[in-house]
Amino acid sequence: MQRNAVRWGLLALFVDGPKYGYQLRTEFDARTGGTWALNVGQVYTTLERLARDGYVASIGGNDDGRAVYAITPQGREALAGWFTTPVTDTDRPRSELAIKLAMAAADPDVDASAVVQAQRTESMRQLHDYTRLRRRADPDGDVGWLLLLDHLIFNLEGEMRWLDHAEATVLRRRTRRAGTPLPASSGQDSEPAETAAQ
């Protein structure tokens, strides 16, 4: 997960009151269902940056001697800005999968279909896991957790569709270069609607 997302996610946890580092980690894990686990070091480093930028301030320590922080007015203003600013493509992390397939497709010594199949198997496993969690989730429970599960499921469904398209595209190009007819089962019609319509 991007550092920026962690930064804003942790800052958002302060809206219901002051917190200390380990408490932030526990609440972040609870809100995200442990999907993007953070280590304590990452939490404290991010907390130091939030304090440096004036978004949180130390308000002393608790009974265990842990430093407790609270969100500042500047932090509330920045957080409000984050909530109202759409995420753009430049904010999204680089996709290792997209890079891997781009490199595999360009390398004649790599079986791109095998790369796709290995990923498809893993993505399907993850999809089953998240779907099972979603089915078991209390529909009247934590709406944030439900939305996160839906996001993960929809992303994996989209990824699997893209994997089918990537495999068909690579196969079509390699078949064209080899001068052999394209097999009927290759998924040759799996291009996105906009591309296919051109």
# chains A, B, ... in the order shown; residues from 1 in each chain; ligands from 1
$ select_by_dssp --residues "chain A" --states "strand (DSSP E or B)" --output "number ranges by chain"
A: 19, 56-61, 67-71
$ atom_distance --atom1 "atom CA of A:Leu38" --atom2 "atom CA of A:Pro18"
19.3 Å
$ closest_residue --among "A:Leu163, A:Ile153, A:Val40, A:Leu13" --to "A:Leu79" --atoms "only C-alpha atoms"
A:Leu13
$ select_by_dssp --residues "stretch 2-140 of chain A" --states "helix (DSSP H, G or I)" --output "ChimeraX atom specification"
/A:3-16,21-32,40-52,73-84,89-91,96-106,112-136
$ atom_distance --atom1 "atom CA of A:Leu10" --atom2 "atom CA of A:Tyr130"
23.6 Å
